[in-house]
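Have a look at data_38.json; it's JSON, C-alpha atoms:
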[["chain", "number", "residue", "atom", "x", "y", "z"],
["A", 1, "MET", "CA", 0.00, 0.00, 0.00],
["A", 2, "ARG", "CA", 1.12, 3.54, -0.69],
["A", 3, "PRO", "CA", 1.27, 5.81, 2.35],
["A", 4, "LEU", "CA", -1.66, 8.21, 2.46],
["A", 5, "LYS", "CA", -0.87, 11.44, 4.26],
["A", 6, "PHE", "CA", -3.05, 13.76, 2.20],
["A", 7, "VAL", "CA", -4.88, 13.84, -1.10],
["A", 8, "ARG", "CA", -5.11, 17.05, -3.14],
["A", 9, "SER", "CA", -7.47, 16.51, -6.03],
["A", 10, "ARG", "CA", -10.52, 17.61, -7.92],
["A", 11, "THR", "CA", -13.64, 15.76, -6.84],
["A", 12, "VAL", "CA", -15.87, 13.46, -8.82],
["A", 13, "VAL", "CA", -19.45, 13.52, -7.53],
["A", 14, "ILE", "CA", -22.06, 10.76, -7.54],
["A", 15, "ALA", "CA", -24.90, 12.50, -5.71],
["A", 16, "LEU", "CA", -26.88, 9.36, -4.94],
["A", 17, "SER", "CA", -27.84, 7.93, -1.55],
["A", 18, "ASN", "CA", -27.47, 4.28, -0.57],
["A", 19, "ILE", "CA", -24.83, 3.33, -3.14],
["A", 20, "ASP", "CA", -24.28, -0.29, -2.22],
["A", 21, "THR", "CA", -21.29, -2.56, -2.73],
["A", 22, "ASP", "CA", -23.01, -4.40, -5.60],
["A", 23, "GLN", "CA", -23.31, -1.10, -7.45],
["A", 24, "ILE", "CA", -19.67, -0.27, -6.67],
["A", 25, "ILE", "CA", -18.48, -3.66, -7.96],
["A", 26, "PRO", "CA", -21.14, -6.05, -9.28],
["A", 27, "ALA", "CA", -21.04, -9.61, -7.90],
["A", 28, "ARG", "CA", -20.06, -11.14, -11.27],
["A", 29, "PHE", "CA", -16.59, -9.57, -10.85],
["A", 30, "LEU", "CA", -15.92, -11.15, -7.44],
["A", 31, "THR", "CA", -14.26, -14.25, -8.85],
["A", 32, "THR", "CA", -10.74, -12.83, -8.52],
["A", 33, "THR", "CA", -8.53, -12.65, -5.46],
["A", 34, "THR", "CA", -6.25, -9.99, -6.91],
["A", 35, "LYS", "CA", -6.79, -6.26, -6.72],
["A", 36, "GLU", "CA", -5.21, -5.33, -10.04],
["A", 37, "GLY", "CA", -7.60, -4.64, -12.88],
["A", 38, "LEU", "CA", -10.75, -4.29, -10.76],
["A", 39, "GLY", "CA", -10.90, -0.56, -11.48],
["A", 40, "ARG", "CA", -12.20, -1.24, -14.98],
["A", 41, "HIS", "CA", -15.28, -2.88, -13.37],
["A", 42, "LEU", "CA", -15.95, -0.03, -10.93],
["A", 43, "PHE", "CA", -19.66, 0.93, -11.19],
["A", 44, "ALA", "CA", -19.81, -1.38, -14.24],
["A", 45, "ASP", "CA", -23.60, -1.44, -14.53],
["A", 46, "TRP", "CA", -23.73, 2.37, -14.62],
["A", 47, "ARG", "CA", -20.48, 2.93, -16.46],
["A", 48, "TYR", "CA", -21.10, 0.74, -19.50],
["A", 49, "LEU", "CA", -23.98, 0.35, -21.92],
["A", 50, "ALA", "CA", -25.51, -3.07, -22.69],
["A", 51, "ASP", "CA", -23.10, -3.53, -25.63],
["A", 52, "GLY", "CA", -20.08, -2.92, -23.33],
["A", 53, "THR", "CA", -19.23, 0.56, -24.60],
["A", 54, "PRO", "CA", -18.72, 3.38, -22.09],
["A", 55, "ASN", "CA", -21.88, 5.24, -21.15],
["A", 56, "PRO", "CA", -21.06, 8.88, -22.02],
["A", 57, "GLU", "CA", -23.62, 10.08, -19.45],
["A", 58, "PHE", "CA", -21.90, 8.42, -16.48],
["A", 59, "VAL", "CA", -19.65, 10.79, -14.58],
["A", 60, "LEU", "CA", -16.56, 8.54, -14.50],
["A", 61, "ASN", "CA", -16.59, 8.42, -18.30],
["A", 62, "GLN", "CA", -16.52, 12.18, -18.68],
["A", 63, "PRO", "CA", -13.21, 13.97, -19.31],
["A", 64, "ALA", "CA", -13.61, 16.18, -16.22],
["A", 65, "SER", "CA", -13.37, 13.08, -14.00],
["A", 66, "SER", "CA", -10.03, 11.97, -15.36],
["A", 67, "GLY", "CA", -7.42, 11.94, -12.61],
["A", 68, "CYS", "CA", -9.84, 12.70, -9.77],
["A", 69, "GLU", "CA", -8.77, 10.94, -6.57],
["A", 70, "VAL", "CA", -11.65, 12.05, -4.33],
["A", 71, "LEU", "CA", -15.16, 10.66, -4.74],
["A", 72, "VAL", "CA", -18.04, 12.55, -3.12],
["A", 73, "ALA", "CA", -21.28, 10.61, -2.68],
["A", 74, "GLY", "CA", -24.65, 10.89, -1.00],
["A", 75, "PRO", "CA", -25.35, 9.35, 2.41],
["A", 76, "ASN", "CA", -24.99, 5.66, 3.28],
["A", 77, "PHE", "CA", -22.17, 4.99, 0.81],
["A", 78, "GLY", "CA", -20.97, 1.38, 0.72],
["A", 79, "CYS", "CA", -24.04, -0.21, 2.26],
["A", 80, "GLY", "CA", -24.96, -3.78, 1.42],
["A", 81, "SER", "CA", -22.84, -6.89, 1.58],
["A", 82, "SER", "CA", -19.28, -6.96, 2.78],
["A", 83, "ARG", "CA", -16.84, -7.23, -0.08],
["A", 84, "GLU", "CA", -13.26, -6.10, -0.08],
["A", 85, "HIS", "CA", -13.50, -5.92, -3.86],
["A", 86, "ALA", "CA", -15.41, -2.61, -3.50],
["A", 87, "PRO", "CA", -12.48, -0.63, -2.02],
["A", 88, "TRP", "CA", -10.09, -2.61, -4.24],
["A", 89, "ALA", "CA", -11.96, -1.42, -7.34],
["A", 90, "LEU", "CA", -12.04, 2.20, -6.14],
["A", 91, "VAL", "CA", -8.31, 2.22, -5.34],
["A", 92, "ASP", "CA", -7.42, 0.45, -8.60],
["A", 93, "HIS", "CA", -9.37, 3.13, -10.47],
["A", 94, "GLY", "CA", -7.33, 5.82, -8.68],
["A", 95, "ILE", "CA", -9.71, 6.93, -5.92],
["A", 96, "ARG", "CA", -7.84, 7.56, -2.65],
["A", 97, "ALA", "CA", -10.67, 9.04, -0.53],
["A", 98, "VAL", "CA", -14.47, 8.84, -0.40],
["A", 99, "ILE", "CA", -16.40, 11.69, 1.25],
["A", 100, "SER", "CA", -19.99, 11.40, 2.47],
["A", 101, "THR", "CA", -22.15, 12.25, 5.47],
["A", 102, "GLN", "CA", -22.50, 8.54, 6.22],
["A", 103, "ILE", "CA", -20.36, 5.58, 5.19],
["A", 104, "ALA", "CA", -21.46, 2.03, 5.99],
["A", 105, "ASP", "CA", -19.43, 0.46, 8.81],
["A", 106, "ILE", "CA", -18.36, -2.73, 7.01],
["A", 107, "PHE", "CA", -17.32, -0.76, 3.92],
["A", 108, "ARG", "CA", -15.44, 1.71, 6.16],
["A", 109, "ASN", "CA", -13.47, -1.11, 7.79],
["A", 110, "ASN", "CA", -12.67, -2.77, 4.45],
["A", 111, "ALA", "CA", -11.62, 0.58, 2.99],
["A", 112, "LEU", "CA", -9.27, 1.41, 5.86],
["A", 113, "LYS", "CA", -7.58, -1.99, 5.56],
["A", 114, "ASN", "CA", -7.01, -1.50, 1.83],
["A", 115, "GLY", "CA", -5.60, 2.01, 1.51],
["A", 116, "LEU", "CA", -8.84, 3.90, 0.86],
["A", 117, "LEU", "CA", -9.72, 6.76, 3.21],
["A", 118, "PRO", "CA", -13.44, 6.95, 4.10],
["A", 119, "VAL", "CA", -14.23, 10.50, 5.25],
["A", 120, "THR", "CA", -17.45, 11.39, 7.04],
["A", 121, "VAL", "CA", -18.24, 15.11, 7.06],
["A", 122, "ASP", "CA", -21.08, 17.32, 8.27],
["A", 123, "GLU", "CA", -24.17, 18.07, 6.17],
["A", 124, "ALA", "CA", -23.05, 21.59, 5.23],
["A", 125, "THR", "CA", -19.67, 20.43, 3.92],
["A", 126, "ALA", "CA", -21.20, 17.49, 2.05],
["A", 127, "GLY", "CA", -23.88, 19.75, 0.59],
["A", 128, "TRP", "CA", -21.28, 22.19, -0.71],
["A", 129, "LEU", "CA", -19.20, 19.37, -2.23],
["A", 130, "LEU", "CA", -22.24, 17.76, -3.87],
["A", 131, "LYS", "CA", -23.19, 21.09, -5.47],
["A", 132, "ASN", "CA", -19.63, 21.81, -6.67],
["A", 133, "PRO", "CA", -18.35, 18.81, -8.62],
["A", 134, "GLY", "CA", -14.76, 19.16, -9.73],
["A", 135, "ALA", "CA", -13.82, 21.37, -6.77],
["A", 136, "GLU", "CA", -10.16, 21.14, -5.80],
["A", 137, "VAL", "CA", -10.02, 19.84, -2.21],
["A", 138, "THR", "CA", -7.33, 18.68, 0.16],
["A", 139, "VAL", "CA", -8.06, 15.70, 2.37],
["A", 140, "ASP", "CA", -5.38, 15.86, 5.07],
["A", 141, "LEU", "CA", -5.19, 12.65, 7.11],
["A", 142, "ALA", "CA", -2.38, 13.97, 9.30],
["A", 143, "ALA", "CA", -4.55, 16.93, 10.37],
["A", 144, "SER", "CA", -7.82, 14.95, 10.06],
["A", 145, "GLU", "CA", -9.52, 17.65, 8.01],
["A", 146, "VAL", "CA", -10.89, 18.41, 4.57],
["A", 147, "LEU", "CA", -9.97, 21.82, 3.17],
["A", 148, "LEU", "CA", -12.39, 23.32, 0.65],
["A", 149, "PRO", "CA", -11.36, 25.89, -1.97],
["A", 150, "THR", "CA", -13.46, 28.44, -0.05],
["A", 151, "GLY", "CA", -11.02, 28.16, 2.86],
["A", 152, "ALA", "CA", -13.57, 26.28, 4.98],
["A", 153, "LYS", "CA", -12.32, 23.22, 6.88],
["A", 154, "ALA", "CA", -14.22, 20.16, 8.02],
["A", 155, "ALA", "CA", -12.81, 17.84, 10.66],
["A", 156, "PHE", "CA", -13.17, 14.08, 10.39],
["A", 157, "HIS", "CA", -12.19, 11.16, 12.60],
["A", 158, "VAL", "CA", -10.20, 8.03, 11.80],
["A", 159, "GLU", "CA", -9.45, 5.47, 14.52],
["A", 160, "ALA", "CA", -5.81, 5.70, 15.69],
["A", 161, "PHE", "CA", -4.55, 2.29, 14.48],
["A", 162, "ALA", "CA", -6.14, 2.67, 11.04],
["A", 163, "ARG", "CA", -4.75, 6.21, 10.81],
["A", 164, "HIS", "CA", -1.23, 4.97, 11.68],
["A", 165, "CYS", "CA", -1.45, 2.21, 9.06],
["A", 166, "LEU", "CA", -2.69, 4.57, 6.31],
["A", 167, "LEU", "CA", -0.06, 7.21, 7.09],
["A", 168, "ASN", "CA", 2.67, 4.57, 6.90],
["A", 169, "GLY", "CA", 1.33, 2.56, 3.97],
["A", 170, "LEU", "CA", 0.76, -0.57, 6.04],
["A", 171, "ASP", "CA", -2.00, -3.13, 6.14],
["A", 172, "GLU", "CA", -2.50, -5.19, 9.32],
["A", 173, "LEU", "CA", -0.01, -7.86, 8.22],
["A", 174, "GLY", "CA", 2.51, -5.18, 7.28],
["A", 175, "PHE", "CA", 2.11, -3.66, 10.74],
["A", 176, "LEU", "CA", 2.81, -7.04, 12.37],
["A", 177, "ARG", "CA", 5.84, -7.54, 10.15],
["A", 178, "SER", "CA", 7.16, -4.13, 11.19],
["A", 179, "LYS", "CA", 7.21, -5.46, 14.76],
["A", 180, "GLN", "CA", 9.13, -8.63, 13.85],
["A", 181, "ALA", "CA", 12.25, -7.76, 15.89],
["A", 182, "GLU", "CA", 10.18, -6.96, 18.97],
["A", 183, "ILE", "CA", 8.20, -10.19, 18.60],
["A", 184, "GLU", "CA", 11.39, -12.23, 18.29],
["A", 185, "ARG", "CA", 12.91, -10.57, 21.40],
["A", 186, "TYR", "CA", 9.72, -11.27, 23.36],
["A", 187, "GLU", "CA", 9.63, -14.91, 22.24],
["A", 188, "ALA", "CA", 13.31, -15.40, 23.02],
["A", 189, "ALA", "CA", 12.84, -13.96, 26.53],
["A", 190, "ARG", "CA", 9.84, -16.24, 27.14],
["A", 191, "ALA", "CA", 11.55, -19.37, 25.76],
["A", 192, "GLY", "CA", 13.68, -19.79, 28.85],
["A", 193, "ALA", "CA", 10.87, -19.15, 31.34]]

Same coordinates, now as structure tokens:
Amino acid sequence: MRPLKFVRSRTVVIALSNIDTDQIIPARFLTTTTKEGLGRHLFADWRYLADGTPNPEFVLNQPASSGCEVLVAGPNFGCGSSREHAPWALVDHGIRAVISTQIADIFRNNALKNGLLPVTVDEATAGWLLKNPGAEVTVDLAASEVLLPTGAKAAFHVEAFARHCLLNGLDELGFLRSKQAEIERYEAARAGA
């Protein structure tokens, strides 16, 4: 995982409520255990027409969305079944942070473990972002705040362990491996007891 200290990007907005994990990555794409390439299936049922060609009306297919690393969505983003493929697809597409007033708990946990920052903000901040697609924002994990181009700031919370892992580019296994020397010292000291 790449360390995630802050993201400075234009936003891409999907102003819908209750976007579930099957809409983020349809179940037919869950047959893989690798993360690479899942970005092409992100929002597949919205993003592509029946013949497989890109839907020009869908926001991710529009030129203004190219390179955007921050997705802004309506409330209850990531609801539905638990699937790590949802944050995998978002990250593989290039999204580093998702902003909403409410993010489903299971999706939040899967996102944090896979290098995607779920950001919950207040109604006023979310309302401004939803009405201003393409706004240049800074999501600062170190300061735990979103900075809008208006100068307004919105605080958000990320649990301490998840924050540490994101800032250092570690997943849970990577964190344990970073403690290898300490674990070996502890085991060696206990071996003689």

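Atom CA of A:Ala15 to atom CA of A:Gly74 spans 5.0 Å [interatomic distance, one decimal].
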
*So, counting all atoms listed in the file, which residue among A:Leu90, A:Ala155, A:Ala104, A:Leu71 is closest to A:Glu136?*
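Checking each of A:Leu90, A:Ala155, A:Ala104, A:Leu71 against A:Glu136, counting all atoms listed in the file, the winner is A:Leu71.
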
*With only C-alpha atoms as the basis for distance, which of A:Leu130, A:Val137, A:Ala188, A:Ala97 is at the shortest distance from A:Gly151?*
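Residue with the minimum atom-to-atom distance to A:Gly151: A:Val137.
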
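Residue nearest A:Ala154, chosen from A:Ala73, A:Asn168, A:Cys68, A:Thr125 and counting all atoms listed in the file: A:Thr125.
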
*Find the residues near stretch 27-36 of chain A: any atom within 12 Å, counting all atoms listed in the file, skip ones fewer than 3 places away on the same chain, and give them as a PyMOL selection string.*
chain A and resi 1+20-24+39-45+80-94+114-115

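Taking atom CA of A:Val98 and atom CA of A:Phe156 as the two end points, the separation is 12.1 Å.
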
*Distance of atom CA of A:Leu116 from atom CA of A:Ala162, expressed in Å to one decimal place*: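 Between atom CA of A:Ala162 and atom CA of A:Leu116 the gap is 10.6 Å.
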